[in-house]
Every structure is written in C-alpha cells, then in structure tokens.
Amino acid sequence: MICPFCSAEFLKGMKRCPVCNEKLVSDVLPVWKFVLLSAVTFGIYQFYWFYKCWAFVKAERKLTFSAFWRAWLAPLYAGVYANQLKIMLALKGIKGGFNPFAVGAAYLFLSAAWWLPSPWQVIGFLNFFPLIPLVKALNEYHQLDEKIPPNNSFAWWQWIFIFLGACLTLLTVVANFL
Ligand SMILES: [Zn+2]
C-alpha cells in the first residue's frame, strides 16, 4: 500500500508509515459509533472500550496496572479513568470539558440501575451517556497526532451485528414494560 503523506510503500496492517512516521490508521472514535455500539451490545462493547482506554493510559503514562480488571470493574473505575484522562489532556494543553467525579458518579449510578426491578432496569441501558464527553476529549487528544480522517463507516457484517443487537435490545426494553 502507498502512504498518502509521503508516497512510500507500507505493508497492510501497519499503524504508522515506516518512512514519514505519520499515522496510517485513525484512533479517533466518531461519537455516533460509540453511542450506537454502546446502545445495542448489552455492555459488551463498553467493556472493550474501557479496556482499550485503560491500555492506552497505561502505555502513554508508563503505569503498571491491569487494564482488563479496570475494564471489568468499570462502574468503580470510570471516575478514575476520567481523572487520568484529564491529566493526559492537560499535558497536551487540552481542556477536557468534564468533571471526573461527576462522570464517575453518574456512570456508577446508571450502571447500578441494572439491579433495579423492571421497568426501572431500562435506565441501565443509558449508562454510556456520561462517557460521551470522554470520547470527545480523547478524540481531540488523538487528533493532535494524526492527519488521517477518522473511519466514519461500518463494514456490512458490522451492520448485521448492529441490527441483531438493536432487535435484541428493543425486545428487552419492551419486555421490561410488559
Ligand atoms: Zn509516509
């Protein structure tokens, strides 16, 4: 494949051009993708998202902890992550427009709604909303370091999974009110 910035050749799957060192794959996550995937995967995507976020913090700040466990215990660690992100943003001069404590508390309470009796349980489906400012802020952070446009589409097979997930989610929500 050909680098769009310096026209050097690179192998498929490379994250950076070996010649000019420009990023070849964008790390920016469009907010609509985050919302859609969070809404239809019953928390599975959220786990993956938190795992990736923690792995990134770990690598950027050279810390030692288990990204897996922090993702697994996301309701307890969301505020801690928001705080770490805020520190990373400040180092690059970005003002993250969120309050880490408020994000952590909102995520914890909305996630805890899963244990409420139905139909209140459905509130748990909205637990990803307080994370949206974090997605936006992390995108700003990534964009400092990349010229490539973000991937703003899904492959057809991803749409199939999203459609199936959306049907299941809708059924679950409706069942909560029956
Ligand atoms: Zn290049």
# chains A, B, ... in the order shown; residues from 1 in each chain; ligands from 1
$ residues_around --residues "Leu164 (chain A)" --least-positions-apart "5" --cutoff "9 Å" --atoms "only C-alpha atoms" --output "ChimeraX atom specification"
/A:40,159,169
$ write_last_selection --atoms "C-alpha atoms" --output "PDB file, in the first residue's frame"
ATOM      1  CA  VAL A  40     -27.036  -2.348  21.220  1.00  0.00           C
ATOM      2  CA  TRP A 159     -24.135  -3.585  10.344  1.00  0.00           C
ATOM      3  CA  THR A 169     -32.141  -4.570  22.874  1.00  0.00           C
TER       4      THR A 169
END
$ residues_around --residues "region 4-12 of chain A" --least-positions-apart "3" --cutoff "10 Å" --atoms "only C-alpha atoms" --output "VMD selection string"
chain A and resid 1 15 to 24 147 to 148
$ residues_around --residues "Lys86 (chain A)" --least-positions-apart "2" --cutoff "9 Å" --atoms "only C-alpha atoms" --output "mmCIF file with N, CA and C atoms, in the first residue's frame"
data_model
loop_
_atom_site.group_PDB
_atom_site.id
_atom_site.type_symbol
_atom_site.label_atom_id
_atom_site.label_comp_id
_atom_site.auth_asym_id
_atom_site.auth_seq_id
_atom_site.Cartn_x
_atom_site.Cartn_y
_atom_site.Cartn_z
ATOM 1 N N TYR A 81 -10.687 6.680 35.609
ATOM 2 C CA TYR A 81 -10.262 6.848 34.212
ATOM 3 C C TYR A 81 -10.441 8.300 33.763
ATOM 4 N N ALA A 82 -11.599 8.875 34.094
ATOM 5 C CA ALA A 82 -11.868 10.270 33.709
ATOM 6 C C ALA A 82 -10.782 11.185 34.265
ATOM 7 N N ASN A 83 -10.345 10.885 35.482
ATOM 8 C CA ASN A 83 -9.305 11.686 36.125
ATOM 9 C C ASN A 83 -7.954 11.527 35.412
ATOM 10 N N GLN A 84 -7.606 10.283 35.076
ATOM 11 C CA GLN A 84 -6.363 10.025 34.348
ATOM 12 C C GLN A 84 -6.373 10.724 32.991
ATOM 13 N N MET A 88 -3.866 13.557 31.285
ATOM 14 C CA MET A 88 -3.243 13.410 29.966
ATOM 15 C C MET A 88 -3.582 14.588 29.056
ATOM 16 N N LEU A 89 -4.842 15.020 29.116
ATOM 17 C CA LEU A 89 -5.285 16.143 28.280
ATOM 18 C C LEU A 89 -4.553 17.426 28.669
ATOM 19 N N ALA A 90 -4.442 17.641 29.997
ATOM 20 C CA ALA A 90 -3.792 18.859 30.492
ATOM 21 C C ALA A 90 -2.347 18.934 30.006
ATOM 22 N N LEU A 91 -1.665 17.772 29.948
ATOM 23 C CA LEU A 91 -0.268 17.745 29.500
ATOM 24 C C LEU A 91 -0.132 18.210 28.049
ATOM 25 N N ILE A 94 -5.056 20.482 26.396
ATOM 26 C CA ILE A 94 -6.469 20.359 26.022
ATOM 27 C C ILE A 94 -7.311 20.474 27.282
ATOM 28 N N LYS A 95 -8.376 21.284 27.170
ATOM 29 C CA LYS A 95 -9.293 21.423 28.297
ATOM 30 C C LYS A 95 -10.411 20.415 28.129
ATOM 31 N N GLY A 96 -10.408 19.339 28.889
ATOM 32 C CA GLY A 96 -11.498 18.370 28.796
ATOM 33 C C GLY A 96 -12.708 18.972 29.491
ATOM 34 N N PHE A 98 -15.210 18.204 31.190
ATOM 35 C CA PHE A 98 -15.980 17.296 32.050
ATOM 36 C C PHE A 98 -15.379 17.297 33.443
ATOM 37 N N ASN A 99 -16.208 16.892 34.394
ATOM 38 C CA ASN A 99 -15.762 16.784 35.780
ATOM 39 C C ASN A 99 -15.595 15.290 36.095
ATOM 40 N N PRO A 100 -14.364 14.827 36.370
ATOM 41 C CA PRO A 100 -14.132 13.394 36.574
ATOM 42 C C PRO A 100 -15.030 12.792 37.656
ATOM 43 N N LEU A 134 -15.946 12.019 27.449
ATOM 44 C CA LEU A 134 -14.617 11.392 27.483
ATOM 45 C C LEU A 134 -14.209 10.958 26.080
ATOM 46 N N ALA A 137 -13.172 14.073 24.193
ATOM 47 C CA ALA A 137 -11.892 14.600 24.661
ATOM 48 C C ALA A 137 -10.733 13.723 24.178
#
$ residues_around --residues "Val80 (chain A)" --least-positions-apart "5" --cutoff "12 Å" --atoms "only C-alpha atoms" --output "list in words"
Phe50, Cys53, Trp54, Val57, Arg70, Ala71, Leu73, Ala74, Pro75, Leu85, Lys86, Ile87, Asn99, Pro100, Phe101, Ala102, Val103, Gly104, Ala105, Tyr107 and Leu108 of chain A
$ write_last_selection --atoms "N, CA and C atoms" --output "PDB file, in the first residue's frame"
ATOM      1  N   PHE A  50     -13.605   0.371  27.439  1.00  0.00           N
ATOM      2  CA  PHE A  50     -12.855   0.679  28.662  1.00  0.00           C
ATOM      3  C   PHE A  50     -11.490  -0.001  28.645  1.00  0.00           C
ATOM      4  N   CYS A  53      -9.241   1.981  26.412  1.00  0.00           N
ATOM      5  CA  CYS A  53      -8.908   3.257  27.049  1.00  0.00           C
ATOM      6  C   CYS A  53      -7.851   3.073  28.121  1.00  0.00           C
ATOM      7  N   TRP A  54      -8.045   2.042  28.958  1.00  0.00           N
ATOM      8  CA  TRP A  54      -7.078   1.817  30.034  1.00  0.00           C
ATOM      9  C   TRP A  54      -5.724   1.384  29.481  1.00  0.00           C
ATOM     10  N   VAL A  57      -3.964   4.527  28.375  1.00  0.00           N
ATOM     11  CA  VAL A  57      -3.444   5.303  29.518  1.00  0.00           C
ATOM     12  C   VAL A  57      -2.170   4.642  30.049  1.00  0.00           C
ATOM     13  N   ARG A  70      -9.565  -3.333  35.329  1.00  0.00           N
ATOM     14  CA  ARG A  70     -10.162  -1.998  35.434  1.00  0.00           C
ATOM     15  C   ARG A  70     -11.343  -1.861  34.489  1.00  0.00           C
ATOM     16  N   ALA A  71     -11.276  -2.564  33.340  1.00  0.00           N
ATOM     17  CA  ALA A  71     -12.403  -2.555  32.408  1.00  0.00           C
ATOM     18  C   ALA A  71     -13.547  -3.388  32.985  1.00  0.00           C
ATOM     19  N   LEU A  73     -14.207  -3.906  36.114  1.00  0.00           N
ATOM     20  CA  LEU A  73     -14.805  -3.180  37.239  1.00  0.00           C
ATOM     21  C   LEU A  73     -15.132  -1.740  36.840  1.00  0.00           C
ATOM     22  N   ALA A  74     -15.528  -1.572  35.580  1.00  0.00           N
ATOM     23  CA  ALA A  74     -15.750  -0.235  35.014  1.00  0.00           C
ATOM     24  C   ALA A  74     -16.611   0.695  35.870  1.00  0.00           C
ATOM     25  N   PRO A  75     -17.729   0.219  36.449  1.00  0.00           N
ATOM     26  CA  PRO A  75     -18.540   1.169  37.237  1.00  0.00           C
ATOM     27  C   PRO A  75     -17.762   1.804  38.389  1.00  0.00           C
ATOM     28  N   LEU A  85      -7.530  10.654  32.321  1.00  0.00           N
ATOM     29  CA  LEU A  85      -7.665  11.278  31.006  1.00  0.00           C
ATOM     30  C   LEU A  85      -7.472  12.794  31.120  1.00  0.00           C
ATOM     31  N   LYS A  86      -8.059  13.359  32.158  1.00  0.00           N
ATOM     32  CA  LYS A  86      -7.945  14.805  32.384  1.00  0.00           C
ATOM     33  C   LYS A  86      -6.468  15.208  32.531  1.00  0.00           C
ATOM     34  N   ILE A  87      -5.704  14.387  33.242  1.00  0.00           N
ATOM     35  CA  ILE A  87      -4.271  14.667  33.425  1.00  0.00           C
ATOM     36  C   ILE A  87      -3.552  14.606  32.071  1.00  0.00           C
ATOM     37  N   ASN A  99     -16.208  16.892  34.394  1.00  0.00           N
ATOM     38  CA  ASN A  99     -15.762  16.784  35.780  1.00  0.00           C
ATOM     39  C   ASN A  99     -15.595  15.290  36.095  1.00  0.00           C
ATOM     40  N   PRO A 100     -14.364  14.827  36.370  1.00  0.00           N
ATOM     41  CA  PRO A 100     -14.132  13.394  36.574  1.00  0.00           C
ATOM     42  C   PRO A 100     -15.030  12.792  37.656  1.00  0.00           C
ATOM     43  N   PHE A 101     -15.241  13.523  38.732  1.00  0.00           N
ATOM     44  CA  PHE A 101     -16.068  12.988  39.818  1.00  0.00           C
ATOM     45  C   PHE A 101     -17.512  12.802  39.350  1.00  0.00           C
ATOM     46  N   ALA A 102     -18.035  13.806  38.637  1.00  0.00           N
ATOM     47  CA  ALA A 102     -19.415  13.740  38.146  1.00  0.00           C
ATOM     48  C   ALA A 102     -19.582  12.590  37.151  1.00  0.00           C
ATOM     49  N   VAL A 103     -18.595  12.422  36.267  1.00  0.00           N
ATOM     50  CA  VAL A 103     -18.655  11.325  35.283  1.00  0.00           C
ATOM     51  C   VAL A 103     -18.685   9.981  36.017  1.00  0.00           C
ATOM     52  N   GLY A 104     -17.769   9.819  36.991  1.00  0.00           N
ATOM     53  CA  GLY A 104     -17.682   8.566  37.737  1.00  0.00           C
ATOM     54  C   GLY A 104     -18.967   8.261  38.487  1.00  0.00           C
ATOM     55  N   ALA A 105     -19.515   9.275  39.161  1.00  0.00           N
ATOM     56  CA  ALA A 105     -20.737   9.073  39.946  1.00  0.00           C
ATOM     57  C   ALA A 105     -21.913   8.743  39.030  1.00  0.00           C
ATOM     58  N   TYR A 107     -21.878   7.435  36.026  1.00  0.00           N
ATOM     59  CA  TYR A 107     -21.727   6.103  35.416  1.00  0.00           C
ATOM     60  C   TYR A 107     -22.035   5.007  36.439  1.00  0.00           C
ATOM     61  N   LEU A 108     -21.556   5.192  37.654  1.00  0.00           N
ATOM     62  CA  LEU A 108     -21.818   4.204  38.710  1.00  0.00           C
ATOM     63  C   LEU A 108     -23.314   4.063  38.985  1.00  0.00           C
TER      64      LEU A 108
END
$ select_by_dssp --residues "chain A" --states "helix (DSSP H, G or I)" --output "VMD selection string"
chain A and resid 31 to 39 44 to 61 67 to 72 74 to 91 100 to 115 120 to 126 129 to 143 156 to 176
$ closest_residue --among "A:Leu170, A:Tyr45, A:Gly13, A:Ile2" --to "ligand 1" --atoms "only C-alpha atoms and all ligand atoms"
A:Ile2
$ closest_residue --among "A:Ile44, A:Val35, A:Cys3, A:Cys167" --to "ligand 1" --atoms "only C-alpha atoms and all ligand atoms"
A:Cys3
$ atom_distance --atom1 "CA of Val28 (chain A)" --atom2 "CA of Val122 (chain A)"
29.2 Å
$ atom_distance --atom1 "CA of His142 (chain A)" --atom2 "CA of Asp27 (chain A)"
6.3 Å
$ closest_residue --among "A:Trp157, A:Tyr48, A:Trp120, A:Phe163" --to "Ala175 (chain A)" --atoms "only C-alpha atoms"
A:Trp120
